[in-house]
file upload-v8.cif (mmCIF, C-alpha atoms)
data_structure
loop_
_atom_site.label_atom_id
_atom_site.label_comp_id
_atom_site.auth_asym_id
_atom_site.auth_seq_id
_atom_site.Cartn_x
_atom_site.Cartn_y
_atom_site.Cartn_z
CA MET A 147 127.90 59.11 135.96
CA GLY A 148 126.05 59.63 139.23
CA LYS A 149 125.29 56.03 140.18
CA PRO A 150 127.77 53.45 141.46
CA ILE A 151 128.92 50.87 138.93
CA ARG A 152 129.73 47.33 139.97
CA ASN A 153 132.19 45.48 137.76
CA ARG A 154 132.42 41.71 137.28
CA ALA A 155 135.30 41.45 139.70
CA GLY A 156 132.90 42.43 142.48
CA ALA A 157 134.20 45.90 143.38
CA TRP A 158 132.12 49.08 143.67
CA ALA A 159 133.19 52.55 142.68
CA HIS A 160 131.54 55.92 142.26
CA GLY A 161 132.36 57.89 139.12
CA ALA A 162 132.35 61.26 140.84
CA ASN A 163 135.26 60.22 143.05
CA MET A 164 137.63 59.42 140.18
CA ASN A 165 139.93 61.59 138.14
CA GLY A 166 139.28 61.84 134.42
CA ALA A 167 141.57 59.06 133.21
CA ALA A 168 140.54 56.59 135.88
CA ARG A 169 136.88 57.38 135.26
CA VAL A 170 137.20 56.56 131.59
CA ILE A 171 139.03 53.30 132.20
CA HIS A 172 136.76 52.17 135.01
CA TYR A 173 133.59 53.01 133.13
CA CYS A 174 134.73 51.11 130.09
CA LEU A 175 135.75 47.97 131.88
CA GLY A 176 132.98 48.09 134.43
CA VAL A 177 130.23 48.18 131.85
CA LEU A 178 131.96 45.59 129.70
CA GLY A 179 131.13 43.13 132.45
CA ALA A 180 127.51 43.24 131.34
CA SER A 181 128.51 41.47 128.15
CA PHE A 182 128.62 38.17 130.02
CA VAL A 183 124.83 38.11 130.32
CA LEU A 184 124.16 39.02 126.70
CA LEU A 185 123.50 36.49 123.97
CA SER A 186 126.25 35.76 121.46
CA LEU A 187 125.96 37.80 118.32
CA ALA A 188 125.22 35.96 115.09
CA THR A 189 127.07 38.00 112.50
CA CYS A 190 126.66 38.04 108.75
CA SER A 191 128.89 39.91 106.31
CA SER A 192 127.79 42.00 103.38
CA GLU A 193 131.32 42.89 102.22
CA GLU A 194 133.51 40.95 99.82
CA THR A 195 136.65 42.11 101.66
CA VAL A 196 135.97 40.43 104.99
CA GLU A 197 134.87 37.02 106.21
CA VAL A 198 133.39 36.08 109.57
CA ALA A 199 134.70 33.23 111.68
CA SER A 200 132.45 33.39 114.72
CA ASP A 201 132.09 29.60 114.66
CA PRO A 202 135.55 28.15 115.44
CA GLY A 203 134.92 25.26 113.09
CA HIS A 204 133.65 27.13 110.08
CA ALA A 205 134.51 30.27 108.15
CA ARG A 206 131.65 31.69 106.14
CA PRO A 207 132.66 33.39 102.88
CA THR A 208 130.56 36.49 102.37
CA GLN A 209 129.49 35.44 98.89
CA THR A 210 129.64 32.33 96.73
CA GLN A 211 132.68 32.80 94.50
CA PRO A 212 133.54 31.18 91.15
CA ALA A 213 136.00 28.30 91.50
CA THR A 214 138.96 30.24 90.08
CA GLU A 215 138.37 33.18 92.39
CA GLU A 216 137.90 30.87 95.36
CA ALA A 217 141.26 29.25 94.56
CA ASN A 218 142.92 32.67 94.44
CA ARG A 219 141.35 33.59 97.78
CA SER A 220 142.72 30.45 99.41
CA THR A 221 146.30 31.48 98.63
CA ARG A 222 146.05 35.16 99.52
CA PRO A 223 147.59 36.09 102.89
CA VAL A 224 145.10 36.61 105.66
CA ILE A 225 144.80 39.15 108.46
CA VAL A 226 143.02 37.44 111.36
CA PHE A 227 141.35 39.56 114.04
CA LEU A 228 141.16 37.26 117.07
CA GLY A 229 139.12 38.83 119.84
CA THR A 230 135.98 39.45 121.84
CA SER A 231 132.61 41.12 121.21
CA LEU A 232 134.51 44.32 120.42
CA THR A 233 136.10 42.64 117.42
CA ALA A 234 132.88 40.83 116.51
CA GLY A 235 131.07 44.17 116.31
CA TYR A 236 128.34 43.21 118.75
CA GLY A 237 125.02 44.91 118.00
CA LEU A 238 126.04 46.18 114.56
CA PRO A 239 126.07 44.87 111.01
CA GLU A 240 129.41 43.16 110.52
CA SER A 241 130.27 45.70 107.82
CA GLN A 242 130.38 48.45 110.48
CA ALA A 243 132.79 46.65 112.84
CA PHE A 244 136.38 47.83 112.87
CA PRO A 245 137.79 44.69 111.14
CA ALA A 246 135.53 45.30 108.13
CA LEU A 247 136.42 49.01 108.11
CA THR A 248 140.08 48.01 108.21
CA ALA A 249 139.52 45.67 105.26
CA LYS A 250 138.25 48.62 103.24
CA ARG A 251 141.31 50.66 104.16
CA LEU A 252 143.57 47.81 103.12
CA GLN A 253 141.84 47.53 99.80
CA SER A 254 141.95 51.25 99.09
CA ALA A 255 145.64 51.35 100.07
CA GLY A 256 146.46 48.54 97.64
CA TYR A 257 147.23 45.78 100.18
CA ASP A 258 146.28 42.31 98.96
CA TYR A 259 144.96 40.65 102.12
CA ARG A 260 141.82 38.82 103.07
CA VAL A 261 140.41 39.79 106.47
CA ILE A 262 138.92 37.23 108.85
CA ASN A 263 136.84 38.47 111.76
CA ALA A 264 137.37 35.83 114.48
CA GLY A 265 135.74 37.83 117.27
CA VAL A 266 133.48 35.96 119.71
CA THR A 267 131.34 37.64 122.34
CA GLY A 268 132.46 36.92 125.91
CA ASP A 269 135.64 35.16 124.81
CA THR A 270 138.64 34.91 127.12
CA SER A 271 142.28 34.27 126.29
CA ALA A 272 141.66 30.58 127.01
CA GLY A 273 138.77 30.57 124.53
CA GLY A 274 140.93 32.20 121.89
CA LEU A 275 143.61 29.59 122.45
CA ARG A 276 141.07 26.78 122.05
CA ARG A 277 140.00 28.20 118.69
CA LEU A 278 143.53 28.65 117.41
CA ASP A 279 144.07 25.28 115.71
CA TRP A 280 141.36 25.95 113.17
CA LEU A 281 142.61 29.48 112.48
CA LEU A 282 146.17 28.25 111.93
CA ARG A 283 144.96 26.39 108.84
CA LEU A 284 144.64 29.78 107.16
CA PRO A 285 147.61 31.45 105.42
CA ILE A 286 147.99 34.02 108.20
CA GLY A 287 150.12 37.02 107.33
CA VAL A 288 149.08 39.18 110.27
CA LEU A 289 147.41 38.32 113.58
CA VAL A 290 145.60 41.14 115.36
CA LEU A 291 145.16 39.96 118.96
CA GLU A 292 142.37 41.53 121.03
CA LEU A 293 141.91 39.36 124.12
CA GLY A 294 142.19 39.94 127.85
CA ALA A 295 139.37 42.23 128.98
CA ASN A 296 137.04 39.34 129.78
CA ASP A 297 139.79 37.56 131.73
CA MET A 298 140.15 40.65 133.90
CA LEU A 299 136.41 41.09 134.36
CA ARG A 300 136.15 37.50 135.57
CA GLY A 301 138.98 38.06 138.01
CA GLN A 302 141.17 35.47 136.34
CA SER A 303 144.89 35.19 136.90
CA VAL A 304 147.13 37.64 135.09
CA ASP A 305 149.79 34.93 134.90
CA GLN A 306 147.35 32.64 133.09
CA LEU A 307 146.34 35.47 130.75
CA ARG A 308 149.99 36.09 129.92
CA THR A 309 150.63 32.38 129.34
CA ASN A 310 147.59 32.01 127.07
CA LEU A 311 148.49 35.01 124.95
CA GLU A 312 152.14 33.94 124.73
CA THR A 313 151.03 30.49 123.58
CA ILE A 314 148.77 31.98 120.90
CA LEU A 315 151.61 34.10 119.57
CA GLU A 316 154.22 31.31 119.78
CA ARG A 317 152.05 28.72 118.05
CA THR A 318 151.05 31.17 115.34
CA ARG A 319 154.70 31.95 114.65
CA GLU A 320 155.58 28.25 114.62
CA ALA A 321 152.90 27.60 112.00
CA HIS A 322 153.64 30.78 110.03
CA PRO A 323 157.26 31.91 110.59
CA GLN A 324 156.81 35.14 108.60
CA VAL A 325 153.70 36.23 110.48
CA LYS A 326 153.44 39.75 111.88
CA PHE A 327 151.56 40.69 115.04
CA LEU A 328 149.49 43.62 116.24
CA ILE A 329 148.37 43.58 119.87
CA ALA A 330 145.28 45.53 120.88
CA GLY A 331 145.71 46.31 124.55
CA MET A 332 143.22 46.83 127.35
CA ARG A 333 143.48 48.37 130.81
CA ALA A 334 142.36 47.04 134.16
CA ALA A 335 139.77 48.80 136.28
CA PRO A 336 141.59 50.86 138.93
CA ASN A 337 139.39 49.53 141.73
CA LEU A 338 140.91 46.08 141.29
CA GLY A 339 143.90 47.36 143.19
CA PRO A 340 147.30 48.70 142.18
CA ASP A 341 149.03 45.31 142.08
CA TYR A 342 146.51 43.67 139.76
CA THR A 343 146.19 46.81 137.63
CA SER A 344 149.95 47.12 137.20
CA GLU A 345 150.37 43.44 136.33
CA PHE A 346 147.47 43.38 133.90
CA ASP A 347 148.39 46.62 132.11
CA SER A 348 151.97 45.46 131.65
CA VAL A 349 151.03 42.25 129.81
CA PHE A 350 150.33 43.88 126.44
CA PRO A 351 153.45 46.05 126.04
CA MET A 352 155.57 43.16 127.36
CA LEU A 353 154.19 40.83 124.69
CA ALA A 354 154.61 43.46 121.99
CA GLU A 355 158.27 43.87 122.91
CA ARG A 356 158.96 40.15 123.17
CA PHE A 357 157.36 39.26 119.84
CA GLY A 358 158.29 42.39 117.91
CA ALA A 359 154.61 43.24 117.55
CA GLY A 360 152.84 46.48 116.88
CA LEU A 361 150.86 47.78 119.84
CA VAL A 362 147.65 49.72 120.32
CA PRO A 363 148.02 50.46 124.07
CA PHE A 364 144.28 50.90 124.77
CA LEU A 365 141.87 49.89 122.02
CA LEU A 366 139.00 51.94 123.43
CA GLU A 367 140.96 55.18 123.85
CA ASP A 368 138.62 58.17 123.28
CA VAL A 369 135.65 55.79 122.88
CA ALA A 370 135.11 54.41 126.40
CA ALA A 371 132.70 56.44 128.53
CA GLU A 372 131.63 58.62 125.58
CA ARG A 373 127.87 58.12 125.55
CA ARG A 374 127.40 59.09 121.93
CA LEU A 375 130.04 56.55 120.87
CA ASN A 376 128.44 53.60 122.70
CA GLN A 377 125.24 51.68 122.17
CA PRO A 378 122.32 51.95 124.63
CA ASP A 379 123.71 48.99 126.62
CA GLY A 380 126.64 51.23 127.55
CA VAL A 381 128.96 48.38 126.67
CA HIS A 382 129.61 48.20 122.95
CA PRO A 383 130.72 50.97 120.59
CA THR A 384 128.38 52.40 117.98
CA ALA A 385 129.26 52.53 114.30
CA GLU A 386 130.90 55.90 114.96
CA GLY A 387 132.87 54.40 117.82
CA HIS A 388 134.07 51.56 115.61
CA ALA A 389 135.13 54.08 113.00
CA LEU A 390 137.35 55.81 115.57
CA ILE A 391 138.78 52.47 116.70
CA ALA A 392 139.51 51.53 113.09
CA GLU A 393 141.27 54.84 112.50
CA ARG A 394 143.51 54.38 115.54
CA LEU A 395 144.22 50.76 114.72
CA TRP A 396 145.00 51.51 111.09
CA THR A 397 147.95 53.70 112.02
CA SER A 398 149.55 50.82 113.92
CA LEU A 399 148.59 48.17 111.40
CA GLU A 400 150.02 50.12 108.48
CA ALA A 401 153.32 50.42 110.33
CA VAL A 402 153.35 46.64 110.84
CA LEU A 403 152.69 46.01 107.15
CA ARG A 404 155.51 48.24 105.88
#
call {"tool": "encode", "arguments": {"input": "upload-v8.cif", "output": "structure tokens"}}
result
Amino acid sequence: MGKPIRNRAGAWAHGANMNGAARVIHYCLGVLGASFVLLSLATCSSEETVEVASDPGHARPTQTQPATEEANRSTRPVIVFLGTSLTAGYGLPESQAFPALTAKRLQSAGYDYRVINAGVTGDTSAGGLRRLDWLLRLPIGVLVLELGANDMLRGQSVDQLRTNLETILERTREAHPQVKFLIAGMRAAPNLGPDYTSEFDSVFPMLAERFGAGLVPFLLEDVAAERRLNQPDGVHPTAEGHALIAERLWTSLEAVLR
């Protein structure tokens, strides 16, 4: 990584001057800033085990189902993946995104859940909160929360991020008292300064502890900065990258479901 990278927060850094861990984190979050100038992905599912909710007012079943099956689907518990372009599977068929891969694992393991992909490209924690009312109409059994990276890239307040995510979790629990949570964490770019980095990184484990949630500390672990695992835009994981994310997430999700 020989050229400087400028992230959305406005700071410059040179990859050669970083240690390995910082280089991975900075590369990941620096290039994610480019997602703000990309068009929103229009996704379409080809799997029966997952539905897409990219429009906050409309969930699109993957296939037209007979009335009796549709009735059964409406009462089955749902796992909602609420997140950004990473969750949406930007640039890939929806069937290759990690929520759809997780749906297959659930099915093969004998878990009776529907999976809703509620990932939206460029979404912030505030955007996720605005979409929550519609999602709460679903019989949510598990909420997988993947929000925060875009807040950081826009230089938004960590306090506001924390408040938004807390509100999402609190309101979900109020609507569905038996709900379980899995939080997919992100890490701040080191060049944002030690204070911001420390505050941002602490949000996700703090929320996991407070709400008794499962935690994936860094969703893009082993995927960020690996060229072969990212699309040509350098921003979004390839199908292979999503497969690695799904594998890491499954370990935590299975523990939550037990």
call {"tool": "resolve_selection", "arguments": {"input": "upload-v8.cif", "expression": "the PyMOL selection byres ((chain A and resi 306) around 12)", "output": "MDAnalysis selection string"}}
result
chainID A and resid 270:272 275 294 297:298 301:305 307:313 345:346 349
call {"tool": "atom_distance", "arguments": {"input": "upload-v8.cif", "atom1": "atom CA of Leu390 of chain A", "atom2": "atom CA of Glu372 of chain A"}}
result
11.9 Å
call {"tool": "closest_residue", "arguments": {"input": "upload-v8.cif", "among": "A:Leu403, A:Ala335, A:Val325, A:Met352", "to": "Leu284 of chain A", "atoms": "only C-alpha atoms"}}
result
A:Val325
call {"tool": "closest_residue", "arguments": {"input": "upload-v8.cif", "among": "A:Leu232, A:Gly274, A:Asn337, A:Gly268", "to": "Leu366 of chain A", "atoms": "only C-alpha atoms"}}
result
A:Leu232
call {"tool": "closest_residue", "arguments": {"input": "upload-v8.cif", "among": "A:Arg373, A:Arg333, A:His388, A:Arg404", "to": "Ser241 of chain A", "atoms": "only C-alpha atoms"}}
result
A:His388
call {"tool": "resolve_selection", "arguments": {"input": "upload-v8.cif", "expression": "the PyMOL selection byres ((chain A and resi 234) around 8)", "output": "ChimeraX atom specification"}}
result
/A:187,189,200,229-233,235-236,240,243,263-267
call {"tool": "resolve_selection", "arguments": {"input": "upload-v8.cif", "expression": "the PyMOL selection byres ((chain A and resi 253-261) around 8)", "output": "list in words"}}
result
Thr195, Val196, Glu197, Arg219, Arg222, Pro223, Val224, Ile225, Val226, Phe227, Pro245, Ala246, Ala249, Lys250, Arg251, Leu252, Ile262 and Asn263 of chain A
call {"tool": "atom_distance", "arguments": {"input": "upload-v8.cif", "atom1": "atom CA of Gly387 of chain A", "atom2": "atom CA of Arg300 of chain A"}}
result
24.7 Å
call {"tool": "atom_distance", "arguments": {"input": "upload-v8.cif", "atom1": "atom CA of Thr397 of chain A", "atom2": "atom CA of Leu282 of chain A"}}
result
25.5 Å
